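Input: a single structure, listed below in structure tokens.
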Amino acid sequence: MASGLDNTAVARVLGQIADLLEIKGDNTFKIRAYRNAADVVGHAAEAVSGMDAAALREWSGIGRDLATRILEIATTGNCAVRQELLDEFPVTLLDVLALQGVGPKTVARLYRELGLASLLDVEAAARAGRIREMKGLGAKKEALILKALSERQLHSGRHLLADATRMVAALIEWLEAARADLEIEPVGSLRRGAETCGDIDLLAVGSDPDLLELFTTYPQMERVLGRGDTKASILLGGGLQADLRVVAADERGAALQYFTGSKAHNIVLRDRALERGWRLNEYGLLRAADQARLAGRTEEEIYEKLGLAWVPPELRENRGEIEAAIDGTLPRLVEAGDLRGDLHVHTNETDGRDTLEQMAGAAAARGLEYVAITDHSRSLAMTNGLDQSRALAHAERIRGLNGRYKGLTLLAGIECDILPDGRMDLEDDCLAALDLVIGSVHMSLAQDEAEMTARLIRAIEHPHVDIIGHPTNRLLLRRPGSRMHIEKVVDAAAANGVALEINSQADRLDLSDSHARLAKDRGVKLVISSDAHATSELDFTRWGLLVARRAWASKQDVLNTLPLDAFRRAIKRGR
């Protein structure tokens with residue numbers, strides 16, 4: 001079993017305990033305490049596995065009992081409270097609770113009144129029309145449950161890019177700590193920066209058989225799936241499979257290229273090799289006649305031999321990169337060091353977890369030149385959104401901090417809700433008084449295509465809207481994007497000088513790479529924003545950056561690569 005769990009895994013278990021307590025109908029304060037603990041642990045910079053109970057009790061909301069539970073979970077992967085709850089309720093109820101739109105109270109009723117303990121039980125009951133007969137649920141709720149089941153099946157076996165990256169980083173760190181001379185590289189969809197991953201593929205150079213044995217003893221795995229002479233497979237938490245392949249040094253480049261993919265990209269390369277009387281596989285670029293090795297030690301020599309410029313992994317999807325590699329027109333993709341500002345940041349004035357000063361200090365520590373503080377507007381009541389007077393007072397406080405943080409300028413902005421009819425949530429004079437306005441949709445997401453398209457276009461045409469935030473409103477592996485005519489939205493943004501956001505929250509990555517490329521190709525500027533709700537989340541721009549790279553975006557396509565003065569002139573209100 002796993003030991004020494006990382007903070008994310010510990011937070012997940014704490015969240016499960018809160019969910020099970022809510023299904024049980026336990027004390028509200030107890031449930032809230034576990035949810036708070038999950039939030040605190042999940043966002044802490046210090047690893048709980050290396051702490052003692054006294055240090056944990058210094059964290060907000062962590063008392064003696066919770067500290068004991070946290071350490072028990074970090075050490076064993078479980079705790080007595082969770083086990084008692086699982087003795088009372090089937091663990092499969094947690095799968096039901098993961099369905100979009102199905103909360104703990106509904107799960108509790110389905111279990112108690114109909115005896116539904118698993119996804120299969122719920123699906124069978126819904127298809128038989130039994131759920132609609134329950135008081136307070138009805139046919140509409142039953143249809144939503146069936147839709148959620150269908151969407152879950154569609155995404156089964158997939159994992160968010162950030163989650164897969166975190167797990168593979170912990171695995172590689174553990175392996176390299178045990179073997180100082182080891183060099184392991186992720187390949188597959190993870191290396192290409194795809195928004196979700198199936199399995200994790202790793203490559204190591206060498207011939208030491210003990211490496212595969214070491215791999216299969218990883219403390220945080222669930223079980224060993226298989227082991228051969230050059231490959232081993234293990235199952236990590238959440239059903240994520242990790243495969244490690246050991247390759248010879250002179251085959252490293254070929255294996256790196258082959259296992260990075262994508263399949264469509266590799267087929268084109270293979271066909272180019274065949275046209276020349278060669279063969280390309282994971283072992284090298286070989287002459288078909290006598291199997292002589294032509295290339296294989298590095299990726300670059302393989303591409304060069306095939307008459308191509310080296311293609312960055314994020315572009316290897318057979319979306320025109322081969323032609324660009326032939327013509328020498330591959331873009332210089334935007335890089336992390338190009339980003340000068342973050343344009344979407346929240347504080348505890350609304351639904352953020354950290355103060356304005358804490359967010360500003362963390363941004364300055366990261367070397368950012370400017371940050372827009374963009375708390376929510378009033379219609380999003382659950383976030384304690386700002387009305388006009390609070391928004392203007394908050395803007396005054398934000399601007400009042402300028403000069404305190406060396407090298408950093410704070411911009412007074414807002415994430416203003418786009419109402420169902422396309423009007424903005426705050427008055428025009430309020431929006432005009434701010435430095436930056438992001439217009440975002442958070443409600444009435446199920447509007448039909450025509451309504452949502454018109455709604456967004458009306459917001460884009462508003463004179464004080466500079467950016468459209470997370471334009472399609474999707475949540476990866478949970479909720480598809482709202483229906484809209486994306487080309488009309490993009491064209492409206494181009495016509496009105498409004499930028500479109502690549503929201504870097506791991507479960508959003510919205511715009512997607514394909515939509516971001518459409519926008520770029522039609523002359524719309526992009527912004528890469530963290531949507532940070534805590535200081536640690538300022539680092540989330542790494543995920544949005546990968547989306548932008550997959551969208552073929554260069555530095556010139558992304559507004560927040562500009563110096564502050566140039567950025568001010570480039571946004572809609574600065575023109």
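Numbering starts fresh at 1 for the residues of each chain in the structure tokens, the chains themselves are lettered A, B, ... in the order given, and ligands are numbered from 1 as they appear.
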Mind the document's chain letters and residue numbers, and return as an mmCIF file with C-alpha atoms, in the first residue's frame the residues of region 343-467 of chain A that DSSP labels strand (DSSP E).
```cif
data_model
loop_
_atom_site.group_PDB
_atom_site.id
_atom_site.type_symbol
_atom_site.label_atom_id
_atom_site.label_comp_id
_atom_site.auth_asym_id
_atom_site.auth_seq_id
_atom_site.Cartn_x
_atom_site.Cartn_y
_atom_site.Cartn_z
ATOM 1 C CA LEU A 343 -4.518 38.972 -15.726
ATOM 2 C CA HIS A 344 -6.964 36.872 -13.701
ATOM 3 C CA VAL A 345 -6.342 36.658 -9.949
ATOM 4 C CA TYR A 370 2.032 43.221 -13.476
ATOM 5 C CA VAL A 371 -0.982 41.407 -12.029
ATOM 6 C CA ALA A 372 -4.671 42.201 -12.467
ATOM 7 C CA ILE A 373 -6.752 41.580 -9.346
ATOM 8 C CA THR A 409 2.299 46.915 -10.727
ATOM 9 C CA LEU A 410 -1.169 45.913 -9.545
ATOM 10 C CA LEU A 411 -4.065 46.531 -11.920
ATOM 11 C CA ALA A 412 -7.537 47.088 -10.493
ATOM 12 C CA GLY A 413 -9.787 44.780 -12.461
ATOM 13 C CA ILE A 414 -12.867 42.639 -12.082
ATOM 14 C CA GLU A 415 -14.280 39.384 -13.406
ATOM 15 C CA CYS A 416 -17.702 40.684 -14.291
ATOM 16 C CA ASP A 417 -20.515 38.247 -14.930
ATOM 17 C CA LEU A 436 -9.200 45.813 -16.821
ATOM 18 C CA VAL A 437 -12.516 43.983 -17.212
ATOM 19 C CA ILE A 438 -12.873 40.260 -17.825
ATOM 20 C CA GLY A 439 -16.363 39.235 -18.919
ATOM 21 C CA SER A 440 -17.244 35.665 -17.936
ATOM 22 C CA ILE A 467 -11.144 39.971 -22.199
#
```
Close residues, region 478-495 of chain A itself excluded, 6 Å, only C-alpha atoms, min 3 positions apart in chain, as JSON, numbers by chain: {"A": [445, 449, 452, 453, 472, 473, 474, 475, 498, 519, 524]}
Could you write out the selected residues, including N, CA, C and O atoms, as a compact mmCIF listing (two decimals), in the first residue's frame?
```txt
# COMPACT_ATOMS: atom_id res chain seq x y z
N LEU A 445 -25.75 28.10 -18.08
CA LEU A 445 -24.79 27.51 -19.02
C LEU A 445 -25.46 26.66 -20.09
O LEU A 445 -24.84 26.34 -21.10
N GLU A 449 -27.50 27.19 -28.57
CA GLU A 449 -26.36 27.75 -29.29
C GLU A 449 -26.58 29.20 -29.68
O GLU A 449 -25.70 30.05 -29.51
N MET A 452 -26.49 31.54 -26.46
CA MET A 452 -25.16 31.70 -25.87
C MET A 452 -24.25 32.50 -26.80
O MET A 452 -23.46 33.34 -26.34
N THR A 453 -24.36 32.26 -28.10
CA THR A 453 -23.54 33.02 -29.05
C THR A 453 -23.88 34.50 -29.00
O THR A 453 -22.99 35.36 -28.92
N THR A 472 -15.76 28.93 -23.11
CA THR A 472 -16.77 27.88 -23.35
C THR A 472 -17.34 27.30 -22.07
O THR A 472 -18.29 26.53 -22.12
N ASN A 473 -16.75 27.65 -20.91
CA ASN A 473 -17.26 27.22 -19.60
C ASN A 473 -17.15 25.73 -19.34
O ASN A 473 -17.81 25.20 -18.45
N ARG A 474 -16.29 25.05 -20.07
CA ARG A 474 -16.18 23.61 -19.87
C ARG A 474 -15.43 23.28 -18.58
O ARG A 474 -14.64 24.09 -18.07
N LEU A 475 -15.67 22.09 -18.05
CA LEU A 475 -14.88 21.52 -16.96
C LEU A 475 -14.44 20.14 -17.43
O LEU A 475 -15.26 19.24 -17.62
N VAL A 498 -11.14 42.49 -28.66
CA VAL A 498 -11.26 41.82 -27.36
C VAL A 498 -10.40 40.57 -27.36
O VAL A 498 -10.43 39.79 -28.32
N ALA A 519 -8.66 31.13 -32.92
CA ALA A 519 -8.62 32.55 -32.56
C ALA A 519 -7.33 33.20 -33.07
O ALA A 519 -7.35 34.29 -33.67
N VAL A 524 -7.12 37.18 -33.37
CA VAL A 524 -7.52 37.50 -32.01
C VAL A 524 -6.33 37.29 -31.08
O VAL A 524 -5.64 36.27 -31.16
```
Which polymer residues have any atom within 12 Å of an atom of Thr68 (chain A), counting only C-alpha atoms, with same-chain residues fewer than 6 positions away left out, as a PDB file with N, CA and C atoms, in the first residue's frame?
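Once everything was written out, this is part-v4.pdb:
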```pdb
ATOM      1  N   ALA A  37      -9.950  21.215   6.186  1.00  0.00           N
ATOM      2  CA  ALA A  37      -8.651  20.530   6.269  1.00  0.00           C
ATOM      3  C   ALA A  37      -8.181  20.090   4.884  1.00  0.00           C
ATOM      4  N   VAL A  48       2.931  17.445   4.150  1.00  0.00           N
ATOM      5  CA  VAL A  48       2.460  16.990   5.463  1.00  0.00           C
ATOM      6  C   VAL A  48       3.191  15.730   5.912  1.00  0.00           C
ATOM      7  N   SER A  49       3.667  14.922   4.952  1.00  0.00           N
ATOM      8  CA  SER A  49       4.337  13.671   5.315  1.00  0.00           C
ATOM      9  C   SER A  49       5.632  13.899   6.078  1.00  0.00           C
ATOM     10  N   MET A  51       5.927  16.377   8.417  1.00  0.00           N
ATOM     11  CA  MET A  51       5.613  17.222   9.563  1.00  0.00           C
ATOM     12  C   MET A  51       5.175  16.378  10.757  1.00  0.00           C
ATOM     13  N   ASP A  52       5.170  17.005  11.936  1.00  0.00           N
ATOM     14  CA  ASP A  52       4.617  16.339  13.109  1.00  0.00           C
ATOM     15  C   ASP A  52       3.312  17.014  13.486  1.00  0.00           C
ATOM     16  N   ALA A  53       2.617  16.452  14.477  1.00  0.00           N
ATOM     17  CA  ALA A  53       1.284  16.938  14.842  1.00  0.00           C
ATOM     18  C   ALA A  53       1.334  18.382  15.338  1.00  0.00           C
ATOM     19  N   ALA A  54       2.367  18.728  16.074  1.00  0.00           N
ATOM     20  CA  ALA A  54       2.457  20.080  16.605  1.00  0.00           C
ATOM     21  C   ALA A  54       2.555  21.110  15.484  1.00  0.00           C
ATOM     22  N   ALA A  55       3.338  20.815  14.462  1.00  0.00           N
ATOM     23  CA  ALA A  55       3.468  21.735  13.331  1.00  0.00           C
ATOM     24  C   ALA A  55       2.157  21.853  12.561  1.00  0.00           C
ATOM     25  N   LEU A  56       1.453  20.750  12.407  1.00  0.00           N
ATOM     26  CA  LEU A  56       0.179  20.773  11.693  1.00  0.00           C
ATOM     27  C   LEU A  56      -0.852  21.614  12.427  1.00  0.00           C
ATOM     28  N   ARG A  57      -0.829  21.590  13.763  1.00  0.00           N
ATOM     29  CA  ARG A  57      -1.821  22.336  14.549  1.00  0.00           C
ATOM     30  C   ARG A  57      -1.649  23.840  14.410  1.00  0.00           C
ATOM     31  N   ILE A  62      -6.780  23.414  11.911  1.00  0.00           N
ATOM     32  CA  ILE A  62      -6.296  22.053  12.170  1.00  0.00           C
ATOM     33  C   ILE A  62      -6.063  21.894  13.676  1.00  0.00           C
ATOM     34  N   ALA A  74      -1.388  10.363   5.747  1.00  0.00           N
ATOM     35  CA  ALA A  74      -0.124  10.550   5.030  1.00  0.00           C
ATOM     36  C   ALA A  74       0.772   9.324   5.138  1.00  0.00           C
ATOM     37  N   THR A  75       0.688   8.621   6.268  1.00  0.00           N
ATOM     38  CA  THR A  75       1.560   7.471   6.510  1.00  0.00           C
ATOM     39  C   THR A  75       1.005   6.183   5.908  1.00  0.00           C
ATOM     40  N   ASN A  78      -4.866   5.785   4.733  1.00  0.00           N
ATOM     41  CA  ASN A  78      -6.218   5.628   5.271  1.00  0.00           C
ATOM     42  C   ASN A  78      -6.205   6.139   6.707  1.00  0.00           C
ATOM     43  N   CYS A  79      -7.384   6.172   7.340  1.00  0.00           N
ATOM     44  CA  CYS A  79      -7.454   6.491   8.765  1.00  0.00           C
ATOM     45  C   CYS A  79      -8.688   5.826   9.348  1.00  0.00           C
ATOM     46  N   ALA A  80      -8.741   5.764  10.657  1.00  0.00           N
ATOM     47  CA  ALA A  80      -9.819   5.037  11.329  1.00  0.00           C
ATOM     48  C   ALA A  80     -11.188   5.617  10.996  1.00  0.00           C
ATOM     49  N   VAL A  81     -11.292   6.956  10.931  1.00  0.00           N
ATOM     50  CA  VAL A  81     -12.585   7.574  10.647  1.00  0.00           C
ATOM     51  C   VAL A  81     -13.086   7.176   9.265  1.00  0.00           C
TER      52      VAL A  81
END
```
Interatomic distance, CA of Ile17 (chain A) to CA of Met134 (chain A) (Å, one decimal): 26.6 Å
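CA of Thr535 (chain A) lies 16.0 Å from CA of Glu369 (chain A).
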Rows by chain and residue number, region 193-224 of chain A within 9 Å of region 244-265 of chain A, shortest pair, only C-alpha atoms, as JSON lines:
```
{"residue": "A:Ile200", "atom": "CA", "partner": "A:Leu244", "partner_atom": "CA", "distance": 8.5}
{"residue": "A:Asp201", "atom": "CA", "partner": "A:Leu244", "partner_atom": "CA", "distance": 6.2}
{"residue": "A:Leu202", "atom": "CA", "partner": "A:Leu244", "partner_atom": "CA", "distance": 4.7}
{"residue": "A:Leu203", "atom": "CA", "partner": "A:Arg245", "partner_atom": "CA", "distance": 5.0}
{"residue": "A:Ala204", "atom": "CA", "partner": "A:Val246", "partner_atom": "CA", "distance": 4.8}
{"residue": "A:Val205", "atom": "CA", "partner": "A:Val247", "partner_atom": "CA", "distance": 5.0}
{"residue": "A:Gly206", "atom": "CA", "partner": "A:Ala248", "partner_atom": "CA", "distance": 5.6}
{"residue": "A:Ser207", "atom": "CA", "partner": "A:Val246", "partner_atom": "CA", "distance": 6.9}
{"residue": "A:Asp208", "atom": "CA", "partner": "A:Val246", "partner_atom": "CA", "distance": 8.5}
{"residue": "A:Pro209", "atom": "CA", "partner": "A:Val246", "partner_atom": "CA", "distance": 8.9}
{"residue": "A:Leu211", "atom": "CA", "partner": "A:Val246", "partner_atom": "CA", "distance": 8.4}
{"residue": "A:Leu212", "atom": "CA", "partner": "A:Leu244", "partner_atom": "CA", "distance": 7.5}
{"residue": "A:Phe215", "atom": "CA", "partner": "A:Leu244", "partner_atom": "CA", "distance": 7.8}
```
Using only N, CA and C atoms, please write the residues we just selected to a file, as an mmCIF file, in the first residue's frame.
```cif
data_model
loop_
_atom_site.group_PDB
_atom_site.id
_atom_site.type_symbol
_atom_site.label_atom_id
_atom_site.label_comp_id
_atom_site.auth_asym_id
_atom_site.auth_seq_id
_atom_site.Cartn_x
_atom_site.Cartn_y
_atom_site.Cartn_z
ATOM 1 N N ILE A 200 0.521 6.722 -18.326
ATOM 2 C CA ILE A 200 1.794 7.437 -18.287
ATOM 3 C C ILE A 200 2.869 6.541 -18.884
ATOM 4 N N ASP A 201 3.639 7.078 -19.803
ATOM 5 C CA ASP A 201 4.752 6.348 -20.410
ATOM 6 C C ASP A 201 6.057 7.030 -20.031
ATOM 7 N N LEU A 202 7.016 6.236 -19.553
ATOM 8 C CA LEU A 202 8.318 6.742 -19.144
ATOM 9 C C LEU A 202 9.411 5.984 -19.875
ATOM 10 N N LEU A 203 10.492 6.696 -20.201
ATOM 11 C CA LEU A 203 11.659 6.086 -20.844
ATOM 12 C C LEU A 203 12.883 6.271 -19.959
ATOM 13 N N ALA A 204 13.687 5.224 -19.857
ATOM 14 C CA ALA A 204 14.969 5.306 -19.163
ATOM 15 C C ALA A 204 16.029 4.681 -20.049
ATOM 16 N N VAL A 205 17.222 5.255 -20.037
ATOM 17 C CA VAL A 205 18.328 4.722 -20.825
ATOM 18 C C VAL A 205 19.182 3.838 -19.938
ATOM 19 N N GLY A 206 19.509 2.655 -20.427
ATOM 20 C CA GLY A 206 20.387 1.763 -19.671
ATOM 21 C C GLY A 206 20.051 0.314 -19.890
ATOM 22 N N SER A 207 20.725 -0.542 -19.133
ATOM 23 C CA SER A 207 20.498 -1.983 -19.277
ATOM 24 C C SER A 207 20.462 -2.687 -17.927
ATOM 25 N N ASP A 208 20.340 -1.926 -16.859
ATOM 26 C CA ASP A 208 20.360 -2.492 -15.515
ATOM 27 C C ASP A 208 19.011 -3.121 -15.197
ATOM 28 N N PRO A 209 18.910 -4.430 -15.059
ATOM 29 C CA PRO A 209 17.623 -5.073 -14.778
ATOM 30 C C PRO A 209 17.052 -4.688 -13.420
ATOM 31 N N LEU A 211 16.602 -1.799 -12.331
ATOM 32 C CA LEU A 211 15.773 -0.607 -12.453
ATOM 33 C C LEU A 211 14.295 -0.969 -12.502
ATOM 34 N N LEU A 212 13.935 -1.971 -13.279
ATOM 35 C CA LEU A 212 12.538 -2.388 -13.362
ATOM 36 C C LEU A 212 12.065 -2.966 -12.038
ATOM 37 N N PHE A 215 11.346 -0.029 -9.854
ATOM 38 C CA PHE A 215 10.098 0.596 -10.302
ATOM 39 C C PHE A 215 8.880 -0.095 -9.702
#
```
Region 504-511 of chain A environment, 9 Å, only C-alpha atoms, sequence neighbours closer than 2 positions dropped, as a VMD selection string: chain A and resid 160 to 163 195 469 to 478 481 500 to 502 513 to 516 528 to 532 537 540 to 545 547
Contacts of Val311 (chain A) within 10 Å, only C-alpha atoms, excl. fewer than 2 positions in-chain, as a list in words: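 The residues that qualify are Glu299, Glu300, Tyr303, Leu308, Ala309, Pro313, Glu314, Leu315, Arg316, Glu321, Ile322, Ala324, Ala325, Leu330 and Pro331 of chain A.
Every protein, DNA or RNA residue with an atom at most 10 Å from Asp351 (chain A), where only C-alpha atoms count and chain neighbours fewer than 2 positions away do not, is listed here: A:His346, A:Thr347, A:Asn348, A:Glu349, A:Arg353, A:Asp354, A:Asp375, A:His376, A:Leu380, A:Met382, A:Thr383, A:Asn384, A:Gly385, A:His533, A:Ala534.
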Using only C-alpha atoms: which of A:Tyr405, A:Ile418, A:His464, A:Pro90 has the shortest distance to Ala433 (chain A): A:His464
Counting only C-alpha atoms, the option among A:Val91, A:Leu149, A:Leu518, A:Cys430 closest to Val465 (chain A):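 Distance minimum relative to Val465 (chain A) lands on A:Cys430.
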Alpha helix (DSSP H) residues, from DSSP on the backbone, in region 312-481 of chain A, as a PyMOL selection string: chain A and resi 321-327+356-365+388-400+428-432+449-460
Point-to-point distance from CA of Leu392 (chain A) to CA of Asp429 (chain A), Å rounded to tenths: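 CA of Asp429 (chain A) lies at a distance of 10.3 Å from CA of Leu392 (chain A).
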Proximity to Leu306 (chain A) - best of A:Arg272, A:Arg332, A:Arg279, A:Arg69, only C-alpha atoms: A:Arg272
